[in-house]
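Working notes, beginning with the structure itself.
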Amino acid sequence: MSVAAVSSSWLIVASESRELANIAPRKGWTLLASGPGSRLVKEALRDRKPADGIVSVGFCGALDSSLKIGDIVVSGEGVESPRSFVRGEIVCADRVIVTASEKRVLRQRTGALAVEMESAAVAAKAREWGVPFRCIKGVSDLAEEDMPLDFNRHRDSDGHFSRARIALVALRRPFTAIPGLLRLDRNCRQAAQALGEFLADCKL
């Protein structure tokens with residue numbers, strides 16, 4: 001019997017609590033919001049957690065133009081579900097990929113379907129602990145669209161995105177940034193709902 005088959009307790013790691021909001025805890029699951037980027041993941045997982053496996057979940061940006069908002073992308077093997085999903089590479093970057101042109105370059109360079117910011121650090125911690133790793137992401141922005149703001153410019157000294165700074169910048173650009181942020185928020189809600197539904201039925 002494989003290690004994955006006997007794993008019963010899973011640490012479900014996301015960047016932010018809203019990525020976990022629609023995930024109903026299952027027996028043996030622990031949900032953890034680490035913060036964005038590899039440094040915060042390493043800090044959150046500094047101490048060994050009582051888990052037989054780790055799952056990196058959350059939002060991702062599409063690099064493949066066929067992906068739609070709320071689509072589920074699974075990287076690697078070991079995840080089964082009666083719900084539809086796309087299996088393929090998810091590349092990890094330690095910054096937000098802001099523009100459609102950046103996404104095109106990343107797609108051409110890596111061949112990945114999607115991009116996010118935490119899975120590489122979570123995978124490294126799984127290897128260190130000697131436990132299985134899974135990566136399940138929900139698409140929150142499309143390959144052909146730009147982010148409403150360069151969120152990389154609005155991170156605090158701890159590495160978190162500053163909601164106060166983002167709000168102030170958006171107020172200075174009410175006709176462009178605010179509608180874009182509202183659209184992104186709707187997309188994130190849709191991605192969070194899709195993640196919750198998928199994880200409710202999947203087998204890790």
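In the structure tokens, chains take the letters A, B, ... in the order shown, each chain's residues start at 1, and ligands count up from 1 in the order shown.
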
Wanna dump the segment 57-92 of chain A-segment 4-26 of chain A contacts at 12 Å for me, each residue with its shortest atom pair and the distance in Å to one decimal, counting only C-alpha atoms, ordered by chain and number, as a Markdown table?
```
| residue | atom | partner | partner_atom | distance |
| --- | --- | --- | --- | --- |
| A:Val57 | CA | A:Ala14 | CA | 5.1 |
| A:Gly58 | CA | A:Glu19 | CA | 5.1 |
| A:Phe59 | CA | A:Glu19 | CA | 6.8 |
| A:Cys60 | CA | A:Glu19 | CA | 10.6 |
| A:Glu77 | CA | A:Ala4 | CA | 10.1 |
| A:Gly78 | CA | A:Ala4 | CA | 7.1 |
| A:Val79 | CA | A:Ala4 | CA | 9.7 |
| A:Glu80 | CA | A:Ala5 | CA | 11.8 |
```

Please, could you write that set of residues out with C-alpha atoms as a compact mmCIF listing (two decimals), in the first residue's frame?
```
# COMPACT_ATOMS: atom_id res chain seq x y z
CA VAL A 57 -4.58 25.23 -1.74
CA GLY A 58 -5.72 28.70 -2.76
CA PHE A 59 -6.04 30.99 -5.72
CA CYS A 60 -3.95 31.00 -8.88
CA GLU A 77 -0.62 12.98 -8.92
CA GLY A 78 -2.56 11.63 -5.96
CA VAL A 79 -5.77 13.68 -6.22
CA GLU A 80 -9.00 12.09 -7.47
```

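Contact shell of Pro179 of chain A at 12 Å (only C-alpha atoms; same-chain neighbours under 4 positions omitted): A:Met147, A:Pro148, A:Leu149, A:Ala170, A:Leu171, A:Arg173, A:Pro174, A:Phe175, A:Arg183, A:Leu184, A:Asp185, A:Arg186.
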
Save the residues we just selected, N, CA and C atoms, as an mmCIF file, in the first residue's frame?
```cif
data_model
loop_
_atom_site.group_PDB
_atom_site.id
_atom_site.type_symbol
_atom_site.label_atom_id
_atom_site.label_comp_id
_atom_site.auth_asym_id
_atom_site.auth_seq_id
_atom_site.Cartn_x
_atom_site.Cartn_y
_atom_site.Cartn_z
ATOM 1 N N MET A 147 -3.878 42.626 -13.598
ATOM 2 C CA MET A 147 -4.382 42.932 -12.262
ATOM 3 C C MET A 147 -4.752 44.416 -12.191
ATOM 4 N N PRO A 148 -5.717 44.785 -11.341
ATOM 5 C CA PRO A 148 -6.117 46.195 -11.251
ATOM 6 C C PRO A 148 -5.044 47.099 -10.674
ATOM 7 N N LEU A 149 -4.130 46.522 -9.869
ATOM 8 C CA LEU A 149 -3.024 47.265 -9.274
ATOM 9 C C LEU A 149 -1.801 46.361 -9.236
ATOM 10 N N ALA A 170 -6.426 52.810 -4.551
ATOM 11 C CA ALA A 170 -7.651 52.631 -5.326
ATOM 12 C C ALA A 170 -8.511 53.894 -5.302
ATOM 13 N N LEU A 171 -8.548 54.576 -4.158
ATOM 14 C CA LEU A 171 -9.350 55.801 -4.060
ATOM 15 C C LEU A 171 -8.815 56.906 -4.962
ATOM 16 N N ARG A 173 -7.723 56.290 -7.877
ATOM 17 C CA ARG A 173 -8.050 55.865 -9.240
ATOM 18 C C ARG A 173 -9.435 55.223 -9.235
ATOM 19 N N PRO A 174 -10.458 56.009 -8.884
ATOM 20 C CA PRO A 174 -11.790 55.428 -8.654
ATOM 21 C C PRO A 174 -12.446 54.822 -9.885
ATOM 22 N N PHE A 175 -12.083 55.281 -11.086
ATOM 23 C CA PHE A 175 -12.759 54.807 -12.287
ATOM 24 C C PHE A 175 -12.075 53.606 -12.925
ATOM 25 N N ARG A 183 -14.083 43.452 -9.345
ATOM 26 C CA ARG A 183 -14.133 42.281 -10.229
ATOM 27 C C ARG A 183 -13.232 41.166 -9.693
ATOM 28 N N LEU A 184 -12.033 41.532 -9.227
ATOM 29 C CA LEU A 184 -11.130 40.535 -8.672
ATOM 30 C C LEU A 184 -11.718 39.898 -7.422
ATOM 31 N N ASP A 185 -12.389 40.697 -6.599
ATOM 32 C CA ASP A 185 -13.019 40.149 -5.395
ATOM 33 C C ASP A 185 -14.095 39.131 -5.765
ATOM 34 N N ARG A 186 -14.909 39.445 -6.780
ATOM 35 C CA ARG A 186 -15.925 38.488 -7.240
ATOM 36 C C ARG A 186 -15.272 37.211 -7.744
#
```

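Using only C-alpha atoms, the smallest distance between any of A:Ile166, A:Leu32, A:Ala191, A:Ala200 and Ile72 of chain A comes from A:Ala191.
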
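Proximity of A:Asp52, A:Glu43, A:Glu197, A:Asp158 to Phe85 of chain A, computed with only C-alpha atoms, is greatest for A:Glu197.
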
Residue set, chain A restricted to strand (DSSP E or B), as JSON, numbers by chain
{"A": [10, 11, 12, 13, 14, 29, 30, 31, 32, 33, 53, 54, 55, 56, 57, 58, 59, 60, 61, 62, 72, 73, 74, 75, 80, 86, 87, 90, 91, 92, 114, 115, 116, 133, 134, 135, 136, 137, 138, 139, 140, 141, 155, 161, 203]}

Filtering to N, CA and C atoms, could you give me those residues as a compact mmCIF listing (two decimals), in the first residue's frame?
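This is the output file selection-v1.txt:
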```
# COMPACT_ATOMS: atom_id res chain seq x y z
N TRP A 10 -4.33 15.54 7.17
CA TRP A 10 -3.76 16.45 6.18
C TRP A 10 -3.73 17.88 6.71
N LEU A 11 -2.62 18.55 6.48
CA LEU A 11 -2.49 19.97 6.78
C LEU A 11 -2.82 20.72 5.50
N ILE A 12 -3.89 21.52 5.52
CA ILE A 12 -4.35 22.26 4.35
C ILE A 12 -3.85 23.69 4.48
N VAL A 13 -2.90 24.08 3.63
CA VAL A 13 -2.23 25.38 3.76
C VAL A 13 -2.63 26.31 2.63
N ALA A 14 -3.10 27.49 2.98
CA ALA A 14 -3.43 28.54 2.01
C ALA A 14 -2.72 29.82 2.41
N TRP A 29 -8.32 16.79 9.12
CA TRP A 29 -7.81 17.95 8.40
C TRP A 29 -7.56 19.11 9.35
N THR A 30 -6.46 19.83 9.13
CA THR A 30 -6.17 21.07 9.84
C THR A 30 -5.96 22.16 8.80
N LEU A 31 -6.69 23.28 8.94
CA LEU A 31 -6.60 24.38 7.99
C LEU A 31 -5.69 25.47 8.54
N LEU A 32 -4.79 25.97 7.70
CA LEU A 32 -3.82 26.98 8.13
C LEU A 32 -3.63 28.04 7.06
N ALA A 33 -3.77 29.31 7.43
CA ALA A 33 -3.45 30.43 6.53
C ALA A 33 -2.05 30.93 6.88
N GLY A 53 0.31 14.42 5.68
CA GLY A 53 0.51 14.99 4.35
C GLY A 53 0.15 16.46 4.36
N ILE A 54 0.60 17.18 3.35
CA ILE A 54 0.33 18.62 3.24
C ILE A 54 -0.28 18.92 1.88
N VAL A 55 -1.30 19.78 1.89
CA VAL A 55 -1.94 20.23 0.66
C VAL A 55 -1.82 21.74 0.56
N SER A 56 -1.27 22.23 -0.55
CA SER A 56 -1.24 23.67 -0.83
C SER A 56 -2.49 24.00 -1.64
N VAL A 57 -3.35 24.83 -1.06
CA VAL A 57 -4.58 25.23 -1.74
C VAL A 57 -4.61 26.75 -1.85
N GLY A 58 -5.56 27.26 -2.65
CA GLY A 58 -5.72 28.70 -2.76
C GLY A 58 -6.00 29.13 -4.18
N PHE A 59 -5.76 30.41 -4.42
CA PHE A 59 -6.04 30.99 -5.72
C PHE A 59 -4.80 30.93 -6.62
N CYS A 60 -5.05 30.94 -7.92
CA CYS A 60 -3.95 31.00 -8.88
C CYS A 60 -4.35 31.87 -10.05
N GLY A 61 -3.35 32.38 -10.75
CA GLY A 61 -3.58 33.12 -11.97
C GLY A 61 -3.41 32.20 -13.16
N ALA A 62 -4.33 32.25 -14.10
CA ALA A 62 -4.23 31.42 -15.29
C ALA A 62 -3.11 31.90 -16.20
N ILE A 72 -10.52 24.46 -11.47
CA ILE A 72 -9.60 23.86 -10.51
C ILE A 72 -8.42 23.26 -11.26
N VAL A 73 -7.22 23.62 -10.81
CA VAL A 73 -5.99 23.10 -11.40
C VAL A 73 -5.27 22.29 -10.33
N VAL A 74 -4.91 21.07 -10.67
CA VAL A 74 -4.20 20.17 -9.76
C VAL A 74 -2.84 19.87 -10.34
N SER A 75 -1.81 20.08 -9.54
CA SER A 75 -0.44 19.80 -9.98
C SER A 75 0.01 18.47 -9.38
N GLU A 80 -7.91 12.61 -6.65
CA GLU A 80 -9.00 12.09 -7.47
C GLU A 80 -10.29 12.78 -7.06
N VAL A 86 -8.42 20.28 -14.03
CA VAL A 86 -7.34 20.22 -15.01
C VAL A 86 -6.07 19.85 -14.27
N ARG A 87 -5.37 18.85 -14.77
CA ARG A 87 -4.11 18.46 -14.15
C ARG A 87 -2.95 19.00 -15.00
N ILE A 90 1.85 23.87 -12.19
CA ILE A 90 1.60 25.19 -11.62
C ILE A 90 2.94 25.76 -11.20
N VAL A 91 3.32 26.89 -11.77
CA VAL A 91 4.61 27.48 -11.45
C VAL A 91 4.45 28.40 -10.24
N CYS A 92 5.47 28.44 -9.41
CA CYS A 92 5.43 29.26 -8.20
C CYS A 92 6.35 30.46 -8.36
N ALA A 114 -0.72 27.58 -14.77
CA ALA A 114 -1.13 28.61 -13.82
C ALA A 114 0.05 29.00 -12.94
N VAL A 115 -0.12 30.12 -12.22
CA VAL A 115 0.93 30.63 -11.35
C VAL A 115 0.34 31.02 -10.01
N GLU A 116 1.10 30.78 -8.95
CA GLU A 116 0.73 31.21 -7.61
C GLU A 116 2.00 31.45 -6.80
N PHE A 133 2.69 15.38 -0.68
CA PHE A 133 2.32 16.76 -0.98
C PHE A 133 1.29 16.77 -2.11
N ARG A 134 0.32 17.64 -1.99
CA ARG A 134 -0.67 17.87 -3.05
C ARG A 134 -0.80 19.37 -3.29
N CYS A 135 -1.16 19.74 -4.52
CA CYS A 135 -1.36 21.15 -4.84
C CYS A 135 -2.67 21.29 -5.61
N ILE A 136 -3.61 22.05 -5.05
CA ILE A 136 -4.94 22.24 -5.64
C ILE A 136 -5.25 23.73 -5.61
N LYS A 137 -5.45 24.32 -6.79
CA LYS A 137 -5.67 25.76 -6.87
C LYS A 137 -6.91 26.09 -7.69
N GLY A 138 -7.55 27.21 -7.33
CA GLY A 138 -8.71 27.72 -8.07
C GLY A 138 -8.34 28.99 -8.81
N VAL A 139 -8.72 29.08 -10.07
CA VAL A 139 -8.35 30.23 -10.91
C VAL A 139 -9.13 31.46 -10.49
N SER A 140 -8.39 32.54 -10.20
CA SER A 140 -9.02 33.80 -9.79
C SER A 140 -8.75 34.95 -10.75
N ASP A 141 -7.82 34.79 -11.69
CA ASP A 141 -7.63 35.81 -12.73
C ASP A 141 -7.19 35.13 -14.02
N ARG A 155 3.06 45.70 -0.14
CA ARG A 155 3.29 44.69 0.90
C ARG A 155 3.99 45.38 2.07
N PHE A 161 0.14 41.67 2.24
CA PHE A 161 -0.40 42.76 1.43
C PHE A 161 -1.18 43.70 2.33
N LYS A 203 -10.52 12.95 -3.25
CA LYS A 203 -9.75 11.96 -2.49
C LYS A 203 -8.28 12.32 -2.63
```

According to DSSP computed on the backbone, where in segment 36-180 of chain A is there alpha helix (DSSP H)? Give the residues as a count of residues only.
43

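Among the candidates A:Arg39, A:Arg83, A:Lys27, A:Lys68, the one nearest to Ser119 of chain A when counting only C-alpha atoms is A:Arg39.
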
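Here atom CA of Ser101 of chain A and atom CA of Ala143 of chain A stand 8.9 Å from one another.
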